[in-house]
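Engineer: Sharing structure.txt (compact mmCIF, C-alpha atoms and all ligand atoms) below.
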```
# COMPACT_ATOMS: atom_id res chain seq x y z
CA GLY A 1 146.47 64.54 243.52
CA LYS A 2 148.45 67.52 242.28
CA SER A 3 152.20 67.17 242.26
CA ASN A 4 154.39 70.13 243.11
CA VAL A 5 155.69 70.55 239.58
CA ASP A 6 153.92 72.60 236.95
CA ILE A 7 154.54 72.08 233.25
CA GLY A 8 151.56 74.21 232.11
CA GLY A 9 153.92 76.81 230.67
CA VAL A 10 154.74 74.57 227.71
CA LEU A 11 151.12 74.68 226.55
CA GLY A 12 148.87 77.07 224.69
CA MET A 13 145.29 76.38 223.77
CA ASP A 14 142.60 77.96 221.63
CA ILE A 15 139.14 76.50 222.05
CA GLY A 16 136.88 77.70 219.25
CA GLY A 17 133.31 77.02 218.26
CA THR A 18 134.33 74.12 216.02
CA LEU A 19 137.93 73.15 216.72
CA ALA A 20 140.14 73.09 219.79
CA LYS A 21 143.75 73.83 218.98
CA LEU A 22 146.69 72.94 221.18
CA VAL A 23 150.29 74.05 220.81
CA TYR A 24 152.99 72.55 222.98
CA PHE A 25 156.64 73.23 223.26
CA GLU A 26 159.42 70.70 223.63
CA LYS A 27 162.72 72.08 224.75
CA LYS A 28 165.50 70.38 222.85
CA GLU A 29 168.75 70.76 221.01
CA PRO A 30 168.37 71.92 217.42
CA PRO A 31 168.66 69.29 214.72
CA GLY A 32 172.29 69.47 213.65
CA GLY A 33 173.87 71.19 216.60
CA MET A 34 173.57 74.38 218.59
CA VAL A 35 172.90 77.69 216.90
CA ARG A 36 173.10 80.75 219.06
CA THR A 37 170.29 83.17 218.55
CA CYS A 38 169.22 86.03 220.62
CA SER A 39 165.74 87.42 220.47
CA ARG A 40 164.89 90.96 221.38
CA ASP A 41 161.36 89.90 222.12
CA PRO A 42 161.02 89.60 225.92
CA LEU A 43 158.18 87.10 225.70
CA VAL A 44 160.21 84.86 223.44
CA THR A 45 163.18 85.11 225.80
CA MET A 46 160.93 84.19 228.69
CA LYS A 47 159.52 81.19 226.86
CA ARG A 48 163.00 80.21 225.81
CA ASN A 49 164.08 80.05 229.40
CA LEU A 50 160.98 78.16 230.21
CA SER A 51 161.62 74.65 231.38
CA LEU A 52 165.36 75.14 230.86
CA GLY A 53 165.85 76.33 234.39
CA ASP A 54 162.91 74.35 235.64
CA LEU A 55 164.18 71.25 233.96
CA ASN A 56 166.82 71.08 236.63
CA THR A 57 164.49 69.20 238.84
CA ARG A 58 164.13 65.56 238.05
CA GLU A 59 160.41 65.62 238.74
CA GLN A 60 159.87 68.38 236.23
CA LYS A 61 161.79 66.44 233.63
CA GLU A 62 159.78 63.33 234.32
CA ALA A 63 156.48 65.17 234.17
CA LEU A 64 157.45 66.66 230.82
CA MET A 65 158.57 63.30 229.45
CA GLN A 66 155.31 61.78 230.54
CA PHE A 67 153.38 64.54 228.83
CA TYR A 68 155.32 64.27 225.55
CA THR A 69 154.88 60.51 225.52
CA PHE A 70 151.17 60.92 226.13
CA MET A 71 150.91 63.34 223.21
CA ASP A 72 153.00 61.07 220.99
CA THR A 73 150.76 58.11 221.52
CA GLN A 74 148.25 59.02 218.90
CA GLU A 75 146.09 55.94 219.33
CA GLN A 76 145.18 57.30 222.71
CA PHE A 77 143.08 59.94 221.04
CA GLY A 78 141.31 57.58 218.72
CA LYS A 79 140.11 59.40 215.66
CA ALA A 80 139.14 62.45 217.63
CA GLY A 81 142.47 64.20 217.83
CA VAL A 82 144.97 64.92 215.10
CA ARG A 83 148.58 65.90 215.43
CA ASP A 84 149.61 68.06 212.50
CA GLU A 85 153.01 66.49 212.21
CA HIS A 86 153.86 68.38 209.04
CA LEU A 87 153.51 71.67 210.90
CA ALA A 88 155.91 70.78 213.72
CA TYR A 89 158.58 73.43 213.73
CA TYR A 90 161.96 73.79 215.39
CA SER A 91 162.28 77.35 216.63
CA HIS A 92 165.82 78.57 217.19
CA GLU A 93 164.37 81.64 218.89
CA LEU A 94 162.65 79.48 221.47
CA GLY A 95 165.25 76.74 221.52
CA GLY A 96 162.84 73.89 221.02
CA GLN A 97 160.21 72.20 218.94
CA LEU A 98 156.66 73.48 218.57
CA HIS A 99 154.01 70.80 218.13
CA PHE A 100 150.47 71.33 216.85
CA PHE A 101 147.45 69.32 217.79
CA ARG A 102 143.69 69.71 217.24
CA PHE A 103 140.39 68.03 217.95
CA GLU A 104 136.73 68.88 217.49
CA THR A 105 135.36 71.05 220.27
CA ARG A 106 132.20 68.93 220.43
CA LEU A 107 134.41 66.08 221.68
CA MET A 108 135.72 68.11 224.60
CA ASP A 109 134.00 65.85 227.15
CA GLN A 110 135.78 62.83 225.76
CA ALA A 111 139.12 64.64 225.61
CA ILE A 112 138.81 65.66 229.23
CA GLU A 113 137.78 62.13 230.23
CA LEU A 114 140.87 60.81 228.50
CA ILE A 115 143.23 63.26 230.14
CA SER A 116 141.56 62.76 233.52
CA SER A 117 142.11 59.04 233.27
CA SER A 118 145.85 59.59 232.84
CA THR A 119 148.09 61.27 235.36
CA ILE A 120 149.41 64.09 233.18
CA HIS A 121 146.98 66.67 234.50
CA ASN A 122 148.52 66.26 237.94
CA SER A 123 151.52 68.27 236.82
CA ILE A 124 149.55 70.94 234.97
CA LYS A 125 148.35 73.67 237.30
CA ALA A 126 147.41 76.34 234.78
CA LEU A 127 147.50 76.87 231.06
CA GLY A 128 147.27 79.79 228.66
CA CYS A 129 143.99 79.50 226.82
CA THR A 130 142.09 81.64 224.35
CA GLY A 131 138.90 81.40 222.32
CA GLY A 132 135.38 81.19 223.72
CA GLY A 133 136.14 77.80 225.26
CA ALA A 134 138.59 79.42 227.67
CA TYR A 135 135.46 80.77 229.36
CA LYS A 136 132.93 78.11 228.50
CA PHE A 137 135.05 75.23 229.81
CA GLU A 138 136.72 77.08 232.66
CA ASP A 139 134.76 75.30 235.41
CA PHE A 140 135.00 71.97 233.68
CA PHE A 141 138.81 72.15 233.50
CA GLN A 142 139.04 73.29 237.08
CA LYS A 143 136.67 70.71 238.52
CA ARG A 144 137.63 67.67 236.49
CA MET A 145 141.37 68.21 236.29
CA GLY A 146 142.29 70.97 238.67
CA ILE A 147 143.63 73.03 235.77
CA ARG A 148 143.22 76.77 235.89
CA MET A 149 142.59 78.58 232.60
CA LEU A 150 144.74 81.65 232.12
CA GLN A 151 142.34 83.46 229.83
CA MET A 152 143.91 85.35 226.95
CA ASP A 153 142.11 87.67 224.58
CA GLU A 154 141.35 85.90 221.31
CA MET A 155 142.26 88.74 218.98
CA ALA A 156 145.42 89.68 220.87
CA SER A 157 146.54 86.04 220.79
CA LEU A 158 145.87 85.84 217.08
CA VAL A 159 147.92 88.94 216.33
CA ARG A 160 150.70 87.71 218.63
CA GLY A 161 150.86 84.32 216.91
CA LEU A 162 150.71 85.88 213.47
CA GLN A 163 153.60 88.20 214.20
CA PHE A 164 155.66 85.41 215.71
CA CYS A 165 155.16 83.33 212.57
CA ILE A 166 156.09 86.12 210.18
CA ALA A 167 159.15 87.06 212.20
CA ASN A 168 160.50 83.60 212.89
CA ILE A 169 159.32 80.96 210.47
CA PRO A 170 160.86 81.08 207.01
CA GLY A 171 158.37 80.43 204.23
CA GLU A 172 155.45 80.75 206.63
CA CYS A 173 153.66 83.50 204.79
CA TYR A 174 152.80 82.92 201.15
CA ALA A 175 150.99 84.50 198.26
CA PHE A 176 149.86 83.27 194.87
CA GLU A 177 151.27 84.39 191.57
CA PRO A 178 149.78 84.00 188.13
CA GLU A 179 150.78 80.93 186.25
CA PRO A 180 152.89 81.67 183.22
CA VAL A 181 150.54 82.67 180.39
CA LYS A 182 149.28 79.66 178.49
CA GLY A 183 149.17 81.48 175.18
CA THR A 184 145.49 81.80 174.32
CA GLY A 185 145.45 85.54 174.70
CA ALA A 186 143.50 87.68 177.10
CA ASN A 187 141.69 85.76 179.77
CA GLY A 188 142.93 82.44 178.52
CA LYS A 189 140.38 79.71 178.15
CA GLY A 190 137.38 81.35 179.71
CA GLU A 191 138.04 80.62 183.35
CA GLU A 192 135.59 81.86 185.90
CA GLU A 193 135.83 85.40 187.10
CA PRO A 194 135.05 86.40 190.62
CA MET A 195 131.56 87.56 191.41
CA ALA A 196 131.09 91.10 190.22
CA SER A 197 131.52 93.83 192.77
CA GLU A 198 130.02 97.25 192.28
CA GLN A 199 133.28 98.70 191.16
CA ASP A 200 134.05 95.88 188.80
CA THR A 201 135.30 97.74 185.79
CA PHE A 202 138.46 96.00 184.61
CA ARG A 203 140.25 99.19 185.47
CA ASN A 204 143.58 97.56 185.24
CA MET A 205 144.43 95.98 181.93
CA ARG A 206 147.05 93.86 183.59
CA MET A 207 144.32 92.01 185.37
CA ARG A 208 142.76 90.88 182.13
CA HIS A 209 145.80 88.78 181.54
CA MET A 210 145.99 87.42 185.00
CA SER A 211 144.01 84.29 184.38
CA GLU A 212 144.46 82.49 187.65
CA LEU A 213 146.79 82.81 190.56
CA ARG A 214 148.13 79.33 191.04
CA GLU A 215 151.76 79.42 191.97
CA LYS A 216 152.36 79.47 195.68
CA VAL A 217 155.27 81.76 196.49
CA ASP A 218 157.11 82.60 199.68
CA TYR A 219 156.03 86.14 200.33
CA SER A 220 159.29 87.58 201.66
CA HIS A 221 161.09 86.21 198.60
CA LYS A 222 158.49 87.53 196.28
CA VAL A 223 158.70 91.11 197.43
CA HIS A 224 162.45 90.88 198.05
CA ARG A 225 162.00 92.00 201.58
CA SER A 226 163.12 90.56 204.84
CA ARG A 227 160.59 89.06 207.19
CA THR A 228 161.36 91.87 209.62
CA GLU A 229 160.31 94.44 207.05
CA LEU A 230 157.19 92.48 206.29
CA LEU A 231 156.45 92.40 209.98
CA GLN A 232 156.75 96.14 210.18
CA SER A 233 154.51 97.01 207.28
CA TYR A 234 151.37 98.47 208.75
CA PRO A 235 148.48 98.85 208.52
CA ALA A 236 147.40 95.36 207.53
CA LEU A 237 144.04 93.66 207.57
CA VAL A 238 143.70 90.25 209.21
CA VAL A 239 140.72 88.16 208.16
CA SER A 240 140.26 85.22 210.47
CA ILE A 241 138.00 82.58 208.95
CA GLY A 242 136.94 80.15 211.63
CA SER A 243 133.37 79.09 212.30
CA GLY A 244 132.55 82.75 211.72
CA VAL A 245 134.70 85.57 210.41
CA SER A 246 136.51 88.33 212.30
CA ILE A 247 138.28 91.20 210.60
CA LEU A 248 141.03 93.09 212.38
CA LYS A 249 142.97 96.13 211.39
CA VAL A 250 146.51 95.89 212.71
CA ASP A 251 148.47 99.10 213.15
CA GLY A 252 151.46 97.91 215.12
CA PRO A 253 152.92 94.97 217.05
CA ALA A 254 150.24 95.11 219.71
CA LYS A 255 147.97 97.75 218.22
CA PHE A 256 144.85 96.49 216.54
CA GLU A 257 141.09 96.71 216.51
CA ARG A 258 138.33 94.41 215.39
CA VAL A 259 136.72 96.41 212.63
CA SER A 260 134.23 93.98 211.18
CA GLY A 261 133.05 90.41 210.92
CA SER A 262 130.62 88.09 209.23
CA SER A 263 128.52 85.15 210.31
CA ILE A 264 129.07 83.52 206.94
CA GLY A 265 132.23 81.55 207.59
CA GLY A 266 133.73 78.10 207.79
CA GLY A 267 130.87 76.87 209.95
CA THR A 268 128.42 77.94 207.26
CA TYR A 269 130.25 75.90 204.65
CA TRP A 270 130.61 72.80 206.78
CA GLY A 271 127.12 73.01 208.32
CA LEU A 272 125.40 73.36 204.96
CA CYS A 273 127.66 70.76 203.40
CA ARG A 274 126.73 68.20 206.05
CA LEU A 275 123.07 69.03 205.62
CA LEU A 276 122.97 68.97 201.84
CA THR A 277 125.43 66.22 200.98
CA GLY A 278 125.40 64.04 204.07
CA ALA A 279 129.18 64.38 204.28
CA THR A 280 130.76 63.14 207.50
CA ASP A 281 134.48 63.69 206.96
CA TYR A 282 135.64 67.27 206.55
CA ASP A 283 138.81 66.64 204.56
CA ASP A 284 137.07 64.14 202.27
CA SER A 285 134.35 66.63 201.47
CA LEU A 286 136.95 69.21 200.47
CA ASP A 287 138.69 66.65 198.27
CA LEU A 288 135.38 65.85 196.62
CA ALA A 289 134.67 69.54 196.08
CA ASP A 290 137.86 69.65 194.06
CA GLN A 291 136.18 67.43 191.48
CA GLY A 292 132.88 69.32 191.54
CA GLU A 293 131.57 71.75 188.95
CA SER A 294 129.88 74.70 190.62
CA ASP A 295 128.43 75.77 187.25
CA ARG A 296 125.89 72.98 187.53
CA VAL A 297 124.51 74.70 190.61
CA ASP A 298 125.35 78.37 190.15
CA MET A 299 123.64 80.76 187.78
CA LEU A 300 126.10 82.62 185.60
CA VAL A 301 125.67 85.87 183.69
CA GLY A 302 125.61 83.76 180.52
CA ASP A 303 122.66 81.73 181.82
CA ILE A 304 120.67 84.95 182.07
CA TYR A 305 121.88 86.88 179.03
CA GLY A 306 122.89 84.05 176.78
CA HIS A 307 126.22 85.88 176.59
CA GLY A 308 128.15 88.44 178.62
CA TYR A 309 126.71 91.69 179.97
CA ASN A 310 129.08 93.73 177.91
CA LYS A 311 128.04 97.20 179.02
CA PHE A 312 129.53 96.45 182.42
CA GLN A 313 132.19 94.07 181.23
CA LEU A 314 130.65 91.07 182.91
CA SER A 315 131.66 88.05 180.90
CA SER A 316 129.26 85.18 180.38
CA ASN A 317 130.99 83.05 182.99
CA THR A 318 130.74 85.61 185.79
CA LEU A 319 128.94 84.20 188.78
CA ALA A 320 125.56 85.91 189.01
CA SER A 321 123.73 83.88 191.67
CA SER A 322 125.16 81.20 193.90
CA PHE A 323 122.89 78.14 193.73
CA GLY A 324 120.63 80.14 191.41
CA LYS A 325 120.61 77.52 188.69
CA LEU A 326 118.70 75.16 190.96
CA VAL A 327 115.52 77.23 190.57
CA THR A 328 115.51 76.86 186.80
CA LYS A 329 114.87 73.13 186.85
CA GLU A 330 111.86 71.04 187.77
CA ASP A 331 113.99 68.92 190.08
CA PRO A 332 116.85 70.87 191.67
CA ARG A 333 118.80 67.67 192.31
CA GLU A 334 118.77 66.52 188.72
CA GLY A 335 122.25 66.21 187.26
CA VAL A 336 123.81 67.67 190.40
CA THR A 337 126.36 65.71 192.41
CA ASN A 338 127.43 66.14 196.02
CA GLU A 339 130.79 67.22 194.65
CA ASP A 340 129.09 70.07 192.77
CA VAL A 341 127.16 71.16 195.84
CA SER A 342 130.25 71.10 198.04
CA LYS A 343 132.22 73.11 195.47
CA ALA A 344 129.44 75.69 195.04
CA LEU A 345 129.20 76.08 198.82
CA ILE A 346 132.91 76.72 199.13
CA VAL A 347 132.80 79.23 196.31
CA MET A 348 129.78 81.02 197.79
CA VAL A 349 131.26 81.33 201.26
CA THR A 350 134.71 82.21 199.94
CA MET A 351 133.57 84.93 197.55
CA ASN A 352 131.40 86.49 200.23
CA ILE A 353 134.31 86.61 202.64
CA GLY A 354 136.56 87.93 199.89
CA GLN A 355 134.17 90.75 199.18
CA VAL A 356 133.74 91.72 202.83
CA ALA A 357 137.54 91.62 203.17
CA TYR A 358 138.07 93.73 200.07
CA LEU A 359 135.55 96.38 201.13
CA ASN A 360 137.13 96.61 204.58
CA ALA A 361 140.57 96.88 203.05
CA LYS A 362 139.23 99.77 200.94
CA LEU A 363 137.60 101.39 203.94
CA TYR A 364 140.73 101.20 206.07
CA ASP A 365 143.19 101.69 203.26
CA THR A 366 145.18 98.50 203.79
CA ARG A 367 147.10 97.00 200.90
CA ARG A 368 147.88 93.70 202.55
CA ILE A 369 145.23 91.22 203.66
CA TYR A 370 146.28 88.26 205.81
CA PHE A 371 143.77 85.43 205.57
CA VAL A 372 143.97 82.94 208.46
CA GLY A 373 141.83 80.41 210.31
CA ASN A 374 141.05 76.75 209.80
CA PHE A 375 138.60 77.30 206.95
CA LEU A 376 141.77 77.70 204.88
CA ARG A 377 143.18 74.40 206.13
CA HIS A 378 143.53 71.81 203.40
CA ASN A 379 141.69 74.22 201.14
CA ASN A 380 143.44 75.49 198.07
CA ILE A 381 140.18 76.27 196.33
CA SER A 382 139.44 79.11 198.75
CA ALA A 383 143.00 80.42 199.01
CA GLN A 384 143.40 80.68 195.25
CA ARG A 385 140.00 82.28 194.77
CA LEU A 386 140.66 84.82 197.49
CA ALA A 387 144.06 85.64 196.02
CA TYR A 388 142.58 86.10 192.59
CA ALA A 389 139.49 88.02 193.70
CA ILE A 390 141.45 90.47 195.84
CA ALA A 391 143.95 91.16 193.06
CA TYR A 392 141.15 91.46 190.51
CA TRP A 393 138.81 93.73 192.43
CA SER A 394 141.64 95.99 193.55
CA GLY A 395 143.16 96.14 190.08
CA GLY A 396 146.32 94.60 191.47
CA GLU A 397 146.61 97.16 194.26
CA MET A 398 145.94 94.74 197.09
CA GLU A 399 147.31 91.37 197.93
CA ALA A 400 146.02 88.32 199.77
CA LEU A 401 148.49 86.47 201.99
CA PHE A 402 148.24 83.10 203.69
CA PHE A 403 149.96 81.14 206.46
CA GLU A 404 151.18 77.58 206.80
CA HIS A 405 150.04 77.53 210.44
CA GLU A 406 146.79 79.29 209.53
CA GLY A 407 144.66 77.64 212.21
CA TYR A 408 147.14 77.71 215.09
CA LEU A 409 147.98 81.39 215.41
CA GLY A 410 145.67 81.95 218.40
CA ALA A 411 146.94 78.91 220.28
CA LEU A 412 150.52 79.94 219.53
CA GLY A 413 149.79 83.43 220.80
CA ALA A 414 148.25 82.01 223.98
CA PHE A 415 151.36 79.91 224.54
CA LEU A 416 153.68 82.87 223.97
CA SER A 417 151.69 85.29 226.09
CA SER A 418 150.90 83.11 229.07
CA GLY A 419 153.24 84.73 231.49
CA TYR A 420 155.05 81.75 232.88
P1 LIG B 501 136.87 78.15 215.50
O1 LIG B 501 137.89 78.75 216.42
O2 LIG B 501 135.64 78.95 215.35
O3 LIG B 501 136.61 76.71 215.79
P2 LIG B 501 138.76 77.57 213.31
O4 LIG B 501 139.72 78.62 212.87
O5 LIG B 501 139.32 76.43 214.06
O6 LIG B 501 137.54 78.27 214.05
O7 LIG B 501 138.02 77.07 212.00
C1 LIG B 501 136.89 76.23 212.01
C2 LIG B 501 136.54 75.92 210.58
O8 LIG B 501 137.62 75.20 209.98
C3 LIG B 501 135.35 75.03 210.38
O9 LIG B 501 134.17 75.79 210.34
C4 LIG B 501 135.64 74.37 209.07
O10 LIG B 501 135.22 75.18 207.99
C5 LIG B 501 137.14 74.31 209.03
N1 LIG B 501 137.75 73.00 209.32
C6 LIG B 501 139.01 72.65 208.97
N2 LIG B 501 139.29 71.41 209.34
C7 LIG B 501 138.19 70.91 209.95
C8 LIG B 501 137.87 69.67 210.56
N3 LIG B 501 138.74 68.64 210.59
N4 LIG B 501 136.65 69.53 211.11
C9 LIG B 501 135.76 70.53 211.08
N5 LIG B 501 136.00 71.72 210.53
C10 LIG B 501 137.20 71.94 209.96
```
Just give me the structure as structure tokens.
Structural biologist:
Amino acid sequence: GKSNVDIGGVLGMDIGGTLAKLVYFEKKEPPGGMVRTCSRDPLVTMKRNLSLGDLNTREQKEALMQFYTFMDTQEQFGKAGVRDEHLAYYSHELGGQLHFFRFETRLMDQAIELISSSTIHNSIKALGCTGGGAYKFEDFFQKRMGIRMLQMDEMASLVRGLQFCIANIPGECYAFEPEPVKGTGANGKGEEEPMASEQDTFRNMRMRHMSELREKVDYSHKVHRSRTELLQSYPALVVSIGSGVSILKVDGPAKFERVSGSSIGGGTYWGLCRLLTGATDYDDSLDLADQGESDRVDMLVGDIYGHGYNKFQLSSNTLASSFGKLVTKEDPREGVTNEDVSKALIVMVTMNIGQVAYLNAKLYDTRRIYFVGNFLRHNNISAQRLAYAIAYWSGGEMEALFFEHEGYLGALGAFLSSGY
């Protein structure tokens, strides 16, 4: 049965259509001795105090230890759950370590079975949860484990987590810069250009020389601005690429609206990839895509014209029709590998999202676009293309920014906002 301690306050969860994300907090001394920090953020102060005072009771301490041990024992989760060890972060603001853990939402039954068969749920009375699963699995959590979901708004949690990361985690937010010029003159060695948008007119000569954006750079260093300043630069567009896409316009710390969205998102890539290539492992399929040639699948301007469409400055390697080349052959599969298909799918989904993002940034006059969500996990192809496309279409006026904890912002926000 339920014990009288409650350690739910150390948790934050975000249960999405594809992935369930869990953030948990471990109060501890900083590596290398105590640093005194004081945060002006009341929620951070509250979370900082969390479990410090409560830890006074031996039962609370034991319950926490039991929980941390359970989470540490990775074998327990089989292949279903993954702890993103490399993202673990010691927060001086919070006075403890943040841990990040995820599993596929479709395995929720198994996850709950596993937790139910342990005793850890006995000391969790409630937990901050966001995403559709906070509603969908509410009864299930309550009935099977006696855990109450404290439902948090998905968008508010996302913005909360995003702002926490910018403000507190050095190097969290990054951009891409052009690689030093390789010396072959304008547009280098004929690399692909982003799909043409209506306004595609090479209006900025600088962009001609920007072959590809490859160098990852810490954003606050790049613009020589403090993270606080970055945090305060509004408005900004947030493009969350999960199973589907949500686009938010953020005007202040807690002032935002969902302005747009798209059903063509990460779920579209992975769903079609599974269907067309028989892939079973997500990360493997992305690695394979890295070796693919989308040109074997995509129709380029050059395939139609034999050369560029010069009147509108569309070079011969501009993408004209995603997967369009497959209609020009007797057998669409001929000479096409799974790697090529996976790559072309990523490019198709990415460029579509990039264009929707760019048009919304135009519409709402935002210079900065934050791209987040797990579609960008382990996925440099998309991040680099988005960075390049946004810079290219906007003539260098807009910038695409990315996060190390891209998929965990909602869960982090739910942890920070759950009021206990
Ligand atoms: P949601 O909240 O809708 O589940 P996420 O932000 O968690 O959205 O992103 C889900 C997307 O992340 C998937 O559609 C897929 O493109 C991508 N993804 C990244 N890693 C994985 C993985 N291990 N398994 C499945 N999809 C993954």
Engineer: Could you pull the residues within 9 Å of segment 356-367 of chain A, counting only C-alpha atoms, minus those fewer than 3 positions along the same chain, as a list of chain:residue names?
Structural biologist: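 These residues fall inside the cut-off: A:Tyr234, A:Pro235, A:Ala236, A:Leu237, A:Val238, A:Val239, A:Ile247, A:Lys249, A:Val259, A:Ser260, A:Gly261, A:Ser262, A:Met351, A:Asn352, A:Ile353, A:Ala389, A:Ile390, A:Trp393, A:Ser394, A:Glu397, A:Met398, A:Glu399, A:Ala400.
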Engineer: Nearest residue to Leu319 of chain A out of A:Ser294, A:Gln110, A:Asn338, A:Thr119, using only C-alpha atoms?
Structural biologist: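 Of A:Ser294, A:Gln110, A:Asn338, A:Thr119, the one nearest Leu319 of chain A is A:Ser294, counting only C-alpha atoms.
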Engineer: Give me, as number ranges by chain, the set of residues whose atoms come within 10 Å of any atom of ligand LIG 501 (chain B), counting all atoms listed in the file.
Structural biologist: A: 14-21, 80-82, 102-105, 130-133, 154, 240-246, 264-271, 273, 280-284, 286, 346, 349, 372-379, 406-411
Engineer: Which polymer residues, protein or nucleic acid, are no farther than 10 Å from (150.9, 71.8, 228.8), counting all atoms listed in the file, as a ChimeraX atom specification?
Structural biologist: /A:6-13,22-25,64,67-68,120-121,123-128,415
Engineer: What separation in Å, quoted to one decimal, exists between atom CA of Ser117 of chain A and atom CA of His99 of chain A?
Structural biologist: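 Pair atom CA of Ser117 of chain A / atom CA of His99 of chain A returns 22.6 Å.
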Engineer: Quick one: residues within 9 Å of Ser91 of chain A, all atoms listed in the file counted, chain neighbours fewer than 4 positions away excluded, as a list in words?
Structural biologist: Pro30, Gly95, Gly96, Gln97, Leu98, Asn168 and Ile169 of chain A
Engineer: Extract, using only C-alpha atoms, all DNA, RNA and protein residues at most 8 Å from Asp340 of chain A, discarding same-chain residues fewer than 3 positions from it, and format them as a VMD selection string.
Structural biologist: chain A and resid 289 291 to 297 336 to 337 343 to 344
Engineer: Rounded to one decimal in Å, what is the spacing between atom CA of Glu177 of chain A and atom CA of Ala383 of chain A?
Structural biologist: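 Separation between atom CA of Glu177 of chain A and atom CA of Ala383 of chain A: 11.8 Å.
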Engineer: Could you tell me how far atom CA of Glu85 of chain A lies from atom CA of Phe100 of chain A, in Å and to one decimal?
Structural biologist: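 Interatomic distance here is 7.2 Å.
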Engineer: Pick the closest to Cys173 of chain A from A:Met65, A:Ala254, A:Leu401, A:Val341: which is it, counting only C-alpha atoms?
Structural biologist: A:Leu401
